[in-house]
Structure formats: structure tokens, C-alpha cells
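Here the structure comes first, spelled out in C-alpha cells, and everything after it is commentary.
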Amino acid sequence: MKAGYLLEQRGERERALKHFLEAKDYQQAVLVLESLGIEFLKMGRVQELSSWIQALPEEWIQGSPWILFYQAVTFRLRTAEN
């Protein structure tokens, strides 16, 4: 967790997210992912955003309107590609 907080302070949010998930600090992981989601979508990193969301336990996904939104958008974009 400590590495995650240090990386987040340095602006390395994606690397911080990885550490928060490894430490099972889902509250912080959700906060970081909520702020990164739009950036991922703008950059076309739909699959990566989807993978980060899937790394969260279901209760944390269901507890965040933004994560639910990102989940729906990534699902829609991935299925539209097929």
C-alpha cells in the first residue's frame, strides 16, 4: 500500500493502481480507477480499463457508479468491435 500511495503522490496513478490492487486496498484502487477511467477511454485503452475493473471484487464494482458506468461502456465498446 505504501508504494501505491507514494506512486500516486508522484502522479503515477496507473502504477499506483497496480499496487493498491495487490495490497487489496480496494477503496483506494476504486478512487484511482474512477479518476483514470475517462483518460483510458479517450486513449482507446478499453481492454486495459476492462481488465482493471475485472480485478476488483464485485461488491466494489457495484458500490461505485463510475466503475459501473465504465464497465458498461467497455462492455459495449468491446462487443461492438465483434
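Residues are named by chain letter and number: chains run A, B, ... in the order of the C-alpha cells, numbers start at 1 in each chain, and ligands are numbered from 1 in the order shown.
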
Among stretch 3-43 of chain A, which residues does DSSP mark as alpha helix (DSSP H) when it is run on the backbone? Keep the chain and numbering as in the structure and answer as JSON, numbers by chain.
{"A": [3, 4, 5, 6, 7, 8, 9, 13, 14, 15, 16, 17, 18, 19, 20, 21, 22, 26, 27, 28, 29, 30, 31, 32, 33, 34, 35, 36, 37, 38, 39, 40, 41, 42]}

For N, CA and C atoms, I'd like the residues from the last selection saved as a CSV table (one decimal), in the first residue's frame.
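Once everything was written out, this is selection-v4.csv:
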```csv
chain,number,residue,atom,x,y,z
A,3,ALA,N,3.8,1.8,-1.3
A,3,ALA,CA,4.3,2.0,-2.7
A,3,ALA,C,3.2,2.7,-3.5
A,4,GLY,N,2.0,2.2,-3.4
A,4,GLY,CA,0.8,2.8,-4.1
A,4,GLY,C,0.6,4.3,-3.8
A,5,TYR,N,0.7,4.6,-2.5
A,5,TYR,CA,0.5,6.0,-2.1
A,5,TYR,C,1.6,6.9,-2.6
A,6,LEU,N,2.8,6.4,-2.5
A,6,LEU,CA,4.0,7.1,-3.0
A,6,LEU,C,3.9,7.4,-4.5
A,7,LEU,N,3.5,6.3,-5.2
A,7,LEU,CA,3.4,6.5,-6.7
A,7,LEU,C,2.3,7.4,-7.0
A,8,GLU,N,1.2,7.4,-6.3
A,8,GLU,CA,0.1,8.3,-6.6
A,8,GLU,C,0.5,9.7,-6.3
A,9,GLN,N,1.2,9.9,-5.3
A,9,GLN,CA,1.7,11.3,-5.0
A,9,GLN,C,2.6,11.8,-6.1
A,13,ARG,N,-0.4,7.3,-11.4
A,13,ARG,CA,-1.6,6.7,-10.9
A,13,ARG,C,-1.8,5.2,-11.4
A,14,GLU,N,-1.4,5.0,-12.6
A,14,GLU,CA,-1.6,3.6,-13.1
A,14,GLU,C,-0.8,2.6,-12.4
A,15,ARG,N,0.5,3.0,-12.1
A,15,ARG,CA,1.3,2.1,-11.3
A,15,ARG,C,0.8,2.0,-9.9
A,16,ALA,N,0.3,3.1,-9.4
A,16,ALA,CA,-0.2,3.1,-8.0
A,16,ALA,C,-1.4,2.1,-7.9
A,17,LEU,N,-2.3,2.1,-9.0
A,17,LEU,CA,-3.4,1.3,-9.0
A,17,LEU,C,-3.0,-0.2,-8.9
A,18,LYS,N,-2.0,-0.6,-9.6
A,18,LYS,CA,-1.5,-2.0,-9.5
A,18,LYS,C,-1.1,-2.3,-8.1
A,19,HIS,N,-0.4,-1.4,-7.4
A,19,HIS,CA,0.0,-1.7,-6.0
A,19,HIS,C,-1.2,-1.8,-5.1
A,20,PHE,N,-2.2,-0.9,-5.3
A,20,PHE,CA,-3.4,-0.9,-4.4
A,20,PHE,C,-4.2,-2.2,-4.6
A,21,LEU,N,-4.2,-2.7,-5.8
A,21,LEU,CA,-4.9,-4.0,-6.1
A,21,LEU,C,-4.2,-5.1,-5.5
A,22,GLU,N,-2.9,-5.1,-5.6
A,22,GLU,CA,-2.0,-6.2,-5.0
A,22,GLU,C,-2.2,-6.2,-3.5
A,26,TYR,N,-8.9,-1.9,-1.9
A,26,TYR,CA,-9.9,-1.7,-2.9
A,26,TYR,C,-10.5,-0.3,-2.9
A,27,GLN,N,-10.6,0.3,-1.7
A,27,GLN,CA,-11.1,1.6,-1.6
A,27,GLN,C,-10.3,2.6,-2.4
A,28,GLN,N,-9.0,2.5,-2.2
A,28,GLN,CA,-8.1,3.4,-2.9
A,28,GLN,C,-8.0,3.1,-4.4
A,29,ALA,N,-8.0,1.8,-4.7
A,29,ALA,CA,-8.0,1.3,-6.1
A,29,ALA,C,-9.2,1.9,-6.9
A,30,VAL,N,-10.4,1.9,-6.2
A,30,VAL,CA,-11.6,2.4,-6.9
A,30,VAL,C,-11.4,3.9,-7.1
A,31,LEU,N,-10.9,4.6,-6.1
A,31,LEU,CA,-10.7,6.0,-6.3
A,31,LEU,C,-9.8,6.4,-7.5
A,32,VAL,N,-8.7,5.7,-7.5
A,32,VAL,CA,-7.8,5.9,-8.6
A,32,VAL,C,-8.4,5.5,-10.0
A,33,LEU,N,-9.1,4.4,-10.0
A,33,LEU,CA,-9.7,3.9,-11.3
A,33,LEU,C,-10.8,4.8,-11.7
A,34,GLU,N,-11.5,5.4,-10.8
A,34,GLU,CA,-12.6,6.3,-11.1
A,34,GLU,C,-12.0,7.5,-11.8
A,35,SER,N,-10.8,8.0,-11.4
A,35,SER,CA,-10.2,9.2,-12.0
A,35,SER,C,-9.5,8.8,-13.3
A,36,LEU,N,-9.0,7.6,-13.5
A,36,LEU,CA,-8.3,7.2,-14.7
A,36,LEU,C,-9.3,6.8,-15.8
A,37,GLY,N,-10.5,6.4,-15.5
A,37,GLY,CA,-11.4,5.8,-16.5
A,37,GLY,C,-11.6,6.6,-17.7
A,38,ILE,N,-11.9,7.9,-17.6
A,38,ILE,CA,-12.1,8.7,-18.7
A,38,ILE,C,-10.9,8.8,-19.6
A,39,GLU,N,-9.7,9.0,-19.0
A,39,GLU,CA,-8.4,9.0,-19.7
A,39,GLU,C,-8.2,7.7,-20.5
A,40,PHE,N,-8.5,6.6,-19.9
A,40,PHE,CA,-8.4,5.3,-20.7
A,40,PHE,C,-9.3,5.3,-21.9
A,41,LEU,N,-10.5,5.7,-21.7
A,41,LEU,CA,-11.5,5.7,-22.8
A,41,LEU,C,-11.1,6.7,-23.9
A,42,LYS,N,-10.6,7.9,-23.5
A,42,LYS,CA,-10.1,8.8,-24.5
A,42,LYS,C,-9.0,8.3,-25.3
```

Pairwise distance for atom CA of A:Lys2 and atom CA of A:Asp25, rounded to one decimal in Å:
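Answer for the atom CA of A:Lys2 to atom CA of A:Asp25 separation: 10.5 Å.
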
Between atom CA of A:Leu56 and atom CA of A:Arg78, what distance in Å does the model show, to one decimal?
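Between these atoms lies a distance of 18.8 Å.
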
At what distance in Å, to one decimal, does atom CA of A:Ser50 lie from atom CA of A:Ala80?
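Distance reported for this atom pair: 14.4 Å.
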
Please provide as a list in words all residues within 12 Å of A:Thr79, with the sequence filter that same-chain residues fewer than 5 positions apart are discarded (counting only C-alpha atoms).
Val46, Gln47, Ala72, Val73 and Thr74 of chain A

I need the chosen residues saved as an mmCIF file, in the first residue's frame, with N, CA and C atoms.
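Result file is part_26.cif:
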```
data_model
loop_
_atom_site.group_PDB
_atom_site.id
_atom_site.type_symbol
_atom_site.label_atom_id
_atom_site.label_comp_id
_atom_site.auth_asym_id
_atom_site.auth_seq_id
_atom_site.Cartn_x
_atom_site.Cartn_y
_atom_site.Cartn_z
ATOM 1 N N VAL A 46 -9.551 0.586 -23.990
ATOM 2 C CA VAL A 46 -10.776 -0.042 -23.499
ATOM 3 C C VAL A 46 -10.488 -1.380 -22.832
ATOM 4 N N GLN A 47 -9.689 -2.207 -23.461
ATOM 5 C CA GLN A 47 -9.396 -3.532 -22.910
ATOM 6 C C GLN A 47 -8.657 -3.414 -21.581
ATOM 7 N N ALA A 72 -19.980 -0.732 -18.120
ATOM 8 C CA ALA A 72 -20.989 -0.778 -19.189
ATOM 9 C C ALA A 72 -20.413 -0.267 -20.510
ATOM 10 N N VAL A 73 -19.667 0.836 -20.454
ATOM 11 C CA VAL A 73 -19.092 1.405 -21.671
ATOM 12 C C VAL A 73 -18.068 0.450 -22.279
ATOM 13 N N THR A 74 -17.202 -0.119 -21.459
ATOM 14 C CA THR A 74 -16.190 -1.025 -22.008
ATOM 15 C C THR A 74 -16.850 -2.275 -22.597
#
```

Residue nearest A:Trp60 - candidates A:Arg45, A:Arg76, A:Lys24, A:Arg10, atoms counted: only C-alpha atoms:
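For A:Trp60, the nearest of the candidates is A:Lys24.
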
Name the closest residue to A:Ala23 among the candidates A:Met1, A:Gly11, A:Leu77, A:Gln62; distances are taken between atoms, counting only C-alpha atoms.
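Under the stated criterion, the closest residue is A:Met1.
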